[in-house]
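> protein.cif is reproduced below (mmCIF, C-alpha atoms).
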```
data_my_file
#
loop_
_atom_site.group_PDB
_atom_site.id
_atom_site.type_symbol
_atom_site.label_atom_id
_atom_site.label_comp_id
_atom_site.auth_asym_id
_atom_site.auth_seq_id
_atom_site.Cartn_x
_atom_site.Cartn_y
_atom_site.Cartn_z
ATOM 1 C CA MET M 176 23.971 26.398 -4.091
ATOM 2 C CA GLU M 177 25.835 26.668 -7.382
ATOM 3 C CA LYS M 178 25.273 22.948 -7.963
ATOM 4 C CA LEU M 179 21.549 23.419 -7.342
ATOM 5 C CA GLN M 180 21.446 26.325 -9.794
ATOM 6 C CA LEU M 181 23.270 24.216 -12.392
ATOM 7 C CA GLU M 182 20.872 21.306 -11.860
ATOM 8 C CA LEU M 183 17.878 23.584 -12.350
ATOM 9 C CA LEU M 184 19.395 24.942 -15.562
ATOM 10 C CA ARG M 185 20.259 21.416 -16.765
ATOM 11 C CA ALA M 186 16.713 20.209 -16.083
ATOM 12 C CA LYS M 187 15.231 23.082 -18.065
ATOM 13 C CA THR M 188 17.697 22.661 -20.940
ATOM 14 C CA ASN M 189 17.389 18.862 -21.173
ATOM 15 C CA HIS M 190 13.696 18.676 -20.251
ATOM 16 C CA THR M 191 14.443 16.380 -17.331
ATOM 17 C CA SER M 192 13.549 16.588 -13.673
ATOM 18 C CA PHE M 193 15.415 16.260 -10.423
ATOM 19 C CA LEU M 194 14.531 15.573 -6.854
ATOM 20 C CA LEU M 195 15.309 18.143 -4.171
ATOM 21 C CA CYS M 196 15.204 16.814 -0.626
ATOM 22 C CA PHE M 197 15.334 19.072 2.438
ATOM 23 C CA ILE M 198 16.715 17.276 5.501
ATOM 24 C CA ASP M 199 16.529 18.415 9.118
ATOM 25 C CA ILE M 200 18.264 16.536 11.938
ATOM 26 C CA ASN M 201 15.793 15.809 14.718
ATOM 27 C CA SER M 202 16.567 16.890 18.292
ATOM 28 C CA LEU M 203 19.996 18.402 17.629
ATOM 29 C CA LYS M 204 19.345 21.265 20.065
ATOM 30 C CA LEU M 205 18.284 18.795 22.741
ATOM 31 C CA VAL M 206 21.447 16.717 22.179
ATOM 32 C CA ASN M 207 23.623 19.845 22.323
ATOM 33 C CA ASP M 208 21.893 21.076 25.493
ATOM 34 C CA GLN M 209 21.899 17.737 27.337
ATOM 35 C CA TYR M 210 25.095 16.095 26.102
ATOM 36 C CA GLY M 211 27.245 18.959 24.770
ATOM 37 C CA HIS M 212 28.220 20.309 21.383
ATOM 38 C CA ARG M 213 30.810 17.622 20.839
ATOM 39 C CA GLU M 214 28.016 15.050 20.960
ATOM 40 C CA GLY M 215 25.903 17.247 18.684
ATOM 41 C CA ASP M 216 28.769 17.369 16.192
ATOM 42 C CA TRP M 217 29.001 13.564 16.331
ATOM 43 C CA LEU M 218 25.257 13.374 15.596
ATOM 44 C CA ILE M 219 25.572 15.689 12.582
ATOM 45 C CA LYS M 220 28.539 13.746 11.166
ATOM 46 C CA THR M 221 26.914 10.372 11.781
ATOM 47 C CA ILE M 222 23.692 11.308 10.024
ATOM 48 C CA ALA M 223 25.566 12.947 7.128
ATOM 49 C CA GLU M 224 27.751 9.849 6.714
ATOM 50 C CA SER M 225 24.698 7.587 6.778
ATOM 51 C CA ILE M 226 22.996 9.624 4.070
ATOM 52 C CA SER M 227 26.179 9.801 1.981
ATOM 53 C CA GLY M 228 26.559 6.037 2.164
ATOM 54 C CA TYR M 229 23.251 5.412 0.397
ATOM 55 C CA ILE M 230 22.940 8.140 -2.201
ATOM 56 C CA SER M 231 23.755 7.646 -5.866
ATOM 57 C CA LYS M 232 27.095 8.814 -7.281
ATOM 58 C CA ASP M 233 25.151 11.397 -9.314
ATOM 59 C CA ASP M 234 23.520 12.880 -6.206
ATOM 60 C CA THR M 235 24.843 15.854 -4.280
ATOM 61 C CA LEU M 236 24.443 16.264 -0.518
ATOM 62 C CA PHE M 237 25.487 19.455 1.203
ATOM 63 C CA ARG M 238 24.980 21.194 4.514
ATOM 64 C CA TYR M 239 22.544 24.058 4.148
ATOM 65 C CA GLY M 240 22.502 25.273 7.747
ATOM 66 C CA GLY M 241 23.261 24.150 11.288
ATOM 67 C CA ASP M 242 21.190 20.962 11.231
ATOM 68 C CA GLU M 243 19.851 21.182 7.697
ATOM 69 C CA PHE M 244 21.037 19.508 4.511
ATOM 70 C CA LEU M 245 19.935 19.553 0.900
ATOM 71 C CA LEU M 246 20.087 16.541 -1.382
ATOM 72 C CA ILE M 247 19.976 17.004 -5.147
ATOM 73 C CA ALA M 248 19.143 13.796 -6.992
ATOM 74 C CA PRO M 249 19.015 14.131 -10.803
ATOM 75 C CA ARG M 250 16.351 12.103 -12.600
ATOM 76 C CA GLN M 251 15.165 10.402 -9.418
ATOM 77 C CA THR M 252 11.674 9.480 -8.282
ATOM 78 C CA GLU M 253 9.558 9.474 -5.160
ATOM 79 C CA GLU M 254 10.242 5.742 -4.772
ATOM 80 C CA TYR M 255 13.969 6.440 -4.730
ATOM 81 C CA VAL M 256 13.748 8.834 -1.795
ATOM 82 C CA HIS M 257 11.444 6.559 0.221
ATOM 83 C CA GLU M 258 13.757 3.563 -0.257
ATOM 84 C CA LEU M 259 16.758 5.743 0.525
ATOM 85 C CA TRP M 260 15.256 6.862 3.836
ATOM 86 C CA GLN M 261 14.183 3.378 4.785
ATOM 87 C CA ASN M 262 17.813 2.271 4.455
ATOM 88 C CA ILE M 263 19.145 5.342 6.256
ATOM 89 C CA ASN M 264 16.702 4.950 9.153
ATOM 90 C CA GLU M 265 17.629 1.281 9.571
ATOM 91 C CA GLN M 266 21.316 2.168 9.641
ATOM 92 C CA LEU M 267 20.735 4.984 12.156
ATOM 93 C CA GLU M 268 18.847 2.603 14.440
ATOM 94 C CA ASP M 269 21.771 0.161 14.228
ATOM 95 C CA LYS M 270 24.237 2.960 15.078
ATOM 96 C CA LYS M 271 22.102 4.024 18.042
ATOM 97 C CA LYS M 272 22.395 0.505 19.421
ATOM 98 C CA LYS M 273 26.056 0.069 18.485
ATOM 99 C CA PHE M 274 27.145 3.306 20.151
ATOM 100 C CA LYS M 275 24.579 2.979 22.985
ATOM 101 C CA LYS M 276 23.177 6.458 22.497
ATOM 102 C CA PRO M 277 20.442 7.563 24.926
ATOM 103 C CA TYR M 278 18.727 9.620 22.210
ATOM 104 C CA THR M 279 17.207 8.898 18.826
ATOM 105 C CA LEU M 280 19.327 9.267 15.715
ATOM 106 C CA SER M 281 16.925 10.554 13.105
ATOM 107 C CA ALA M 282 16.217 13.225 10.553
ATOM 108 C CA SER M 283 13.061 14.500 8.947
ATOM 109 C CA TYR M 284 12.949 14.993 5.216
ATOM 110 C CA GLY M 285 10.714 16.495 2.612
ATOM 111 C CA PHE M 286 11.171 16.517 -1.117
ATOM 112 C CA ILE M 287 9.857 17.917 -4.326
ATOM 113 C CA ILE M 288 10.307 16.807 -7.893
ATOM 114 C CA CYS M 289 11.538 19.809 -9.868
ATOM 115 C CA ALA M 290 10.377 19.609 -13.463
ATOM 116 C CA PRO M 291 11.645 21.803 -16.298
ATOM 117 C CA SER M 292 8.271 23.514 -16.507
ATOM 118 C CA ASP M 293 8.892 24.934 -13.047
ATOM 119 C CA ASP M 294 9.454 28.616 -13.732
ATOM 120 C CA THR M 295 10.855 29.373 -10.322
ATOM 121 C CA ASN M 296 14.003 30.391 -8.507
ATOM 122 C CA LEU M 297 16.203 28.503 -6.039
ATOM 123 C CA ASP M 298 14.674 30.135 -2.982
ATOM 124 C CA THR M 299 11.200 29.004 -4.029
ATOM 125 C CA LEU M 300 12.389 25.422 -4.643
ATOM 126 C CA ILE M 301 14.080 25.297 -1.243
ATOM 127 C CA GLN M 302 11.003 26.761 0.461
ATOM 128 C CA LYS M 303 8.793 24.107 -1.158
ATOM 129 C CA ALA M 304 11.123 21.272 -0.096
ATOM 130 C CA ASP M 305 11.348 22.795 3.409
ATOM 131 C CA ALA M 306 7.548 22.964 3.644
ATOM 132 C CA ALA M 307 7.354 19.294 2.583
ATOM 133 C CA MET M 308 9.874 18.429 5.316
ATOM 134 C CA TYR M 309 7.853 20.246 7.985
ATOM 135 C CA LYS M 310 4.715 18.468 6.818
ATOM 136 C CA GLN M 311 6.484 15.094 7.155
ATOM 137 C CA LYS M 312 7.931 16.070 10.539
ATOM 138 C CA HIS M 313 4.521 17.186 11.822
ATOM 139 C CA THR M 314 2.856 13.993 10.565
ATOM 140 C CA ARG M 315 5.545 11.891 12.249
ATOM 141 C CA VAL M 316 5.263 13.739 15.580
ATOM 142 C CA SER M 317 1.460 13.572 15.451
ATOM 143 C CA SER M 318 1.539 9.817 14.885
ATOM 144 C CA ILE M 319 3.837 9.324 17.888
ATOM 145 C CA PHE M 320 1.336 11.026 20.207
ATOM 146 C CA LYS M 321 -1.781 9.198 18.942
#
```
So, in terms of structure tokens, how does the structure I just supplied come out?


Amino acid sequence: MEKLQLELLRAKTNHTSFLLCFIDINSLKLVNDQYGHREGDWLIKTIAESISGYISKDDTLFRYGGDEFLLIAPRQTEEYVHELWQNINEQLEDKKKKFKKPYTLSASYGFIICAPSDDTNLDTLIQKADAAMYKQKHTRVSSIFK
């Protein structure tokens, strides 16, 4: 959270922007309930490692809650996050096959671009990124059932 506060201050001071991505692991509760917490821990680590393997050296990824992560990406764009998730999703699909998992390895994400004109606090930024994630998750689930 200190890193996020520093990034917000840096963006305001330098008149730059940064991308804040809220990430939620899909079906962690189901994995824990059906396959045990050890398997759930493997899922969390695997997804975190996949994300870490594709982010820029200037980015910061940290666990925000049980199955939630925040990604801070200075001076990044919407295209960056879409390409990032395309690569991550491909790698997660490969790991599902490699480790013969009976469940999907996936995460939902939502992001906002935080500009220096944003006169807001950290909680508001996180809430906005969280709302974007839920919108993406809902859109994804809706498209599966169409």

> Of the residues M:Leu184, M:Arg213, M:Ile288, M:Pro277, which is the one nearest to Ala307 of chain M, using all atoms listed in the file?

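For Ala307 of chain M, the nearest of the given residues is M:Ile288.
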
> Closest to Cys289 of chain M among M:Glu243, M:Asp305, M:Asp234, M:Glu182, using only C-alpha atoms?

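Looking at the shortest contact to Cys289 of chain M, the residue is M:Glu182.
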
> List every protein, DNA or RNA residue that has at least one atom no more than 10 Å from (19.0, 25.2, -11.7) in the file's coordinates, counting all atoms listed in the file, and write the result as JSON, numbers by chain.

{"M": [176, 177, 178, 179, 180, 181, 182, 183, 184, 185, 186, 187, 188, 193, 289, 291, 295, 296, 297, 300]}

> Between M:Lys303, M:Phe197, M:Asn189, M:Lys275, which one has atoms that come closest to Tyr239 of chain M, using all atoms listed in the file?

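Checking each candidate against Tyr239 of chain M, we get M:Phe197 as the closest.
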
> Take the PyMOL selection byres ((chain M and resi 199) around 7), apply it to the structure above, and return the hits as a list in words.

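After applying the PyMOL selection byres ((chain M and resi 199) around 7), what remains is Phe197, Ile198, Ile200, Asn201, Asp242, Glu243, Phe244, Ala282, Ser283 and Tyr284 of chain M.
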
> Enumerate, as a VMD selection string, the residues matched when the PyMOL selection byres ((chain M and resi 266-274) around 12) is run on the file above.

chain M and resid 200 214 217 to 229 259 to 265 275 to 282

> Keeping only C-alpha atoms, write the selected residues to a file as a PDB file, keeping the file's coordinate frame.


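Final file, part.pdb:
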```
ATOM      1  CA  ILE M 200      18.264  16.536  11.938  1.00  0.00           C
ATOM      2  CA  GLU M 214      28.016  15.050  20.960  1.00  0.00           C
ATOM      3  CA  TRP M 217      29.001  13.564  16.331  1.00  0.00           C
ATOM      4  CA  LEU M 218      25.257  13.374  15.596  1.00  0.00           C
ATOM      5  CA  ILE M 219      25.572  15.689  12.582  1.00  0.00           C
ATOM      6  CA  LYS M 220      28.539  13.746  11.166  1.00  0.00           C
ATOM      7  CA  THR M 221      26.914  10.372  11.781  1.00  0.00           C
ATOM      8  CA  ILE M 222      23.692  11.308  10.024  1.00  0.00           C
ATOM      9  CA  ALA M 223      25.566  12.947   7.128  1.00  0.00           C
ATOM     10  CA  GLU M 224      27.751   9.849   6.714  1.00  0.00           C
ATOM     11  CA  SER M 225      24.698   7.587   6.778  1.00  0.00           C
ATOM     12  CA  ILE M 226      22.996   9.624   4.070  1.00  0.00           C
ATOM     13  CA  SER M 227      26.179   9.801   1.981  1.00  0.00           C
ATOM     14  CA  GLY M 228      26.559   6.037   2.164  1.00  0.00           C
ATOM     15  CA  TYR M 229      23.251   5.412   0.397  1.00  0.00           C
ATOM     16  CA  LEU M 259      16.758   5.743   0.525  1.00  0.00           C
ATOM     17  CA  TRP M 260      15.256   6.862   3.836  1.00  0.00           C
ATOM     18  CA  GLN M 261      14.183   3.378   4.785  1.00  0.00           C
ATOM     19  CA  ASN M 262      17.813   2.271   4.455  1.00  0.00           C
ATOM     20  CA  ILE M 263      19.145   5.342   6.256  1.00  0.00           C
ATOM     21  CA  ASN M 264      16.702   4.950   9.153  1.00  0.00           C
ATOM     22  CA  GLU M 265      17.629   1.281   9.571  1.00  0.00           C
ATOM     23  CA  LYS M 275      24.579   2.979  22.985  1.00  0.00           C
ATOM     24  CA  LYS M 276      23.177   6.458  22.497  1.00  0.00           C
ATOM     25  CA  PRO M 277      20.442   7.563  24.926  1.00  0.00           C
ATOM     26  CA  TYR M 278      18.727   9.620  22.210  1.00  0.00           C
ATOM     27  CA  THR M 279      17.207   8.898  18.826  1.00  0.00           C
ATOM     28  CA  LEU M 280      19.327   9.267  15.715  1.00  0.00           C
ATOM     29  CA  SER M 281      16.925  10.554  13.105  1.00  0.00           C
ATOM     30  CA  ALA M 282      16.217  13.225  10.553  1.00  0.00           C
TER      31      ALA M 282
END
```

> Select, from M:Asp233, M:Cys196, M:Thr314, M:Thr191, the residue with the minimum atom-to-atom distance to Gln302 of chain M, counting only C-alpha atoms.

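With only C-alpha atoms as the atom set, the closest residue is M:Cys196.
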
> Pick the closest to Ala306 of chain M from M:Val206, M:His257, M:Gly285, M:Ser292: which is it, counting all atoms listed in the file?

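Of all the options, M:Gly285 lies closest to Ala306 of chain M.
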
> Quote the spacing between atom CA of Phe286 of chain M and atom CA of Ala304 of chain M in Å to one decimal place.

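Answer for the atom CA of Phe286 of chain M to atom CA of Ala304 of chain M separation: 4.9 Å.
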
> Restricting the calculation to all atoms listed in the file: of M:Ile247, M:His190, M:His313, M:Lys204, which residue gets closest to Thr235 of chain M?

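Checking each of M:Ile247, M:His190, M:His313, M:Lys204 against Thr235 of chain M, counting all atoms listed in the file, the winner is M:Ile247.
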
> Could the centre and edge lengths of an axis-aligned box, enclosing all atoms of segment 253-264 of chain M in the file with 5 Å extra on each side, be given in Å to one decimal as lines of an AutoDock Vina configuration file?


```
center_x = 14.4
center_y = 5.9
center_z = 2.0
size_x = 19.6
size_y = 17.2
size_z = 24.3
```

> Atoms are missing here; could segment 241-264 of chain M be completed with N, CA, C and O atoms and written as a tab-separated table (two decimals), in the frame of the given file?


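Everything below was put into out_34.tsv:
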```tsv
chain	number	residue	atom	x	y	z
M	241	GLY	N	22.78	24.86	10.11
M	241	GLY	CA	23.26	24.15	11.29
M	241	GLY	C	22.91	22.68	11.32
M	241	GLY	O	23.78	21.83	11.45
M	242	ASP	N	21.63	22.36	11.20
M	242	ASP	CA	21.19	20.96	11.23
M	242	ASP	C	20.38	20.61	10.00
M	242	ASP	O	19.59	19.69	10.00
M	243	GLU	N	20.61	21.37	8.93
M	243	GLU	CA	19.85	21.18	7.70
M	243	GLU	C	20.78	20.83	6.54
M	243	GLU	O	21.88	21.37	6.42
M	244	PHE	N	20.30	19.94	5.70
M	244	PHE	CA	21.04	19.51	4.51
M	244	PHE	C	20.10	19.56	3.31
M	244	PHE	O	18.88	19.44	3.46
M	245	LEU	N	20.68	19.68	2.14
M	245	LEU	CA	19.93	19.55	0.90
M	245	LEU	C	20.54	18.41	0.10
M	245	LEU	O	21.76	18.25	0.07
M	246	LEU	N	19.68	17.63	-0.51
M	246	LEU	CA	20.09	16.54	-1.38
M	246	LEU	C	19.51	16.82	-2.76
M	246	LEU	O	18.31	17.02	-2.90
M	247	ILE	N	20.38	16.85	-3.75
M	247	ILE	CA	19.98	17.00	-5.15
M	247	ILE	C	20.16	15.65	-5.81
M	247	ILE	O	21.27	15.09	-5.79
M	248	ALA	N	19.09	15.12	-6.37
M	248	ALA	CA	19.14	13.80	-6.99
M	248	ALA	C	18.58	13.89	-8.41
M	248	ALA	O	17.37	13.88	-8.60
M	249	PRO	N	19.47	14.01	-9.41
M	249	PRO	CA	19.02	14.13	-10.80
M	249	PRO	C	18.23	12.89	-11.25
M	249	PRO	O	18.59	11.77	-10.92
M	250	ARG	N	17.16	13.15	-11.97
M	250	ARG	CA	16.35	12.10	-12.60
M	250	ARG	C	15.89	11.02	-11.63
M	250	ARG	O	15.81	9.85	-11.99
M	251	GLN	N	15.62	11.39	-10.39
M	251	GLN	CA	15.16	10.40	-9.42
M	251	GLN	C	13.67	10.56	-9.14
M	251	GLN	O	13.07	11.58	-9.48
M	252	THR	N	13.11	9.55	-8.50
M	252	THR	CA	11.67	9.48	-8.28
M	252	THR	C	11.34	9.47	-6.79
M	252	THR	O	12.22	9.35	-5.94
M	253	GLU	N	10.06	9.55	-6.53
M	253	GLU	CA	9.56	9.47	-5.16
M	253	GLU	C	9.94	8.14	-4.52
M	253	GLU	O	10.31	8.08	-3.35
M	254	GLU	N	9.88	7.06	-5.29
M	254	GLU	CA	10.24	5.74	-4.77
M	254	GLU	C	11.70	5.71	-4.32
M	254	GLU	O	12.04	5.10	-3.31
M	255	TYR	N	12.55	6.38	-5.07
M	255	TYR	CA	13.97	6.44	-4.73
M	255	TYR	C	14.16	7.03	-3.33
M	255	TYR	O	14.88	6.47	-2.51
M	256	VAL	N	13.53	8.16	-3.08
M	256	VAL	CA	13.75	8.83	-1.80
M	256	VAL	C	13.15	8.03	-0.64
M	256	VAL	O	13.74	7.97	0.44
M	257	HIS	N	12.03	7.37	-0.85
M	257	HIS	CA	11.44	6.56	0.22
M	257	HIS	C	12.33	5.35	0.54
M	257	HIS	O	12.54	5.03	1.72
M	258	GLU	N	12.84	4.70	-0.48
M	258	GLU	CA	13.76	3.56	-0.26
M	258	GLU	C	15.05	4.03	0.40
M	258	GLU	O	15.57	3.39	1.32
M	259	LEU	N	15.55	5.15	-0.06
M	259	LEU	CA	16.76	5.74	0.52
M	259	LEU	C	16.58	5.96	2.02
M	259	LEU	O	17.42	5.54	2.83
M	260	TRP	N	15.47	6.57	2.41
M	260	TRP	CA	15.26	6.86	3.84
M	260	TRP	C	14.96	5.63	4.65
M	260	TRP	O	15.29	5.57	5.84
M	261	GLN	N	14.37	4.63	4.05
M	261	GLN	CA	14.18	3.38	4.78
M	261	GLN	C	15.54	2.79	5.15
M	261	GLN	O	15.77	2.38	6.30
M	262	ASN	N	16.46	2.78	4.19
M	262	ASN	CA	17.81	2.27	4.46
M	262	ASN	C	18.56	3.13	5.47
M	262	ASN	O	19.22	2.60	6.38
M	263	ILE	N	18.47	4.43	5.33
M	263	ILE	CA	19.14	5.34	6.26
M	263	ILE	C	18.61	5.16	7.67
M	263	ILE	O	19.38	5.06	8.63
M	264	ASN	N	17.30	5.10	7.82
M	264	ASN	CA	16.70	4.95	9.15
M	264	ASN	C	17.11	3.63	9.80
M	264	ASN	O	17.37	3.59	11.01
```
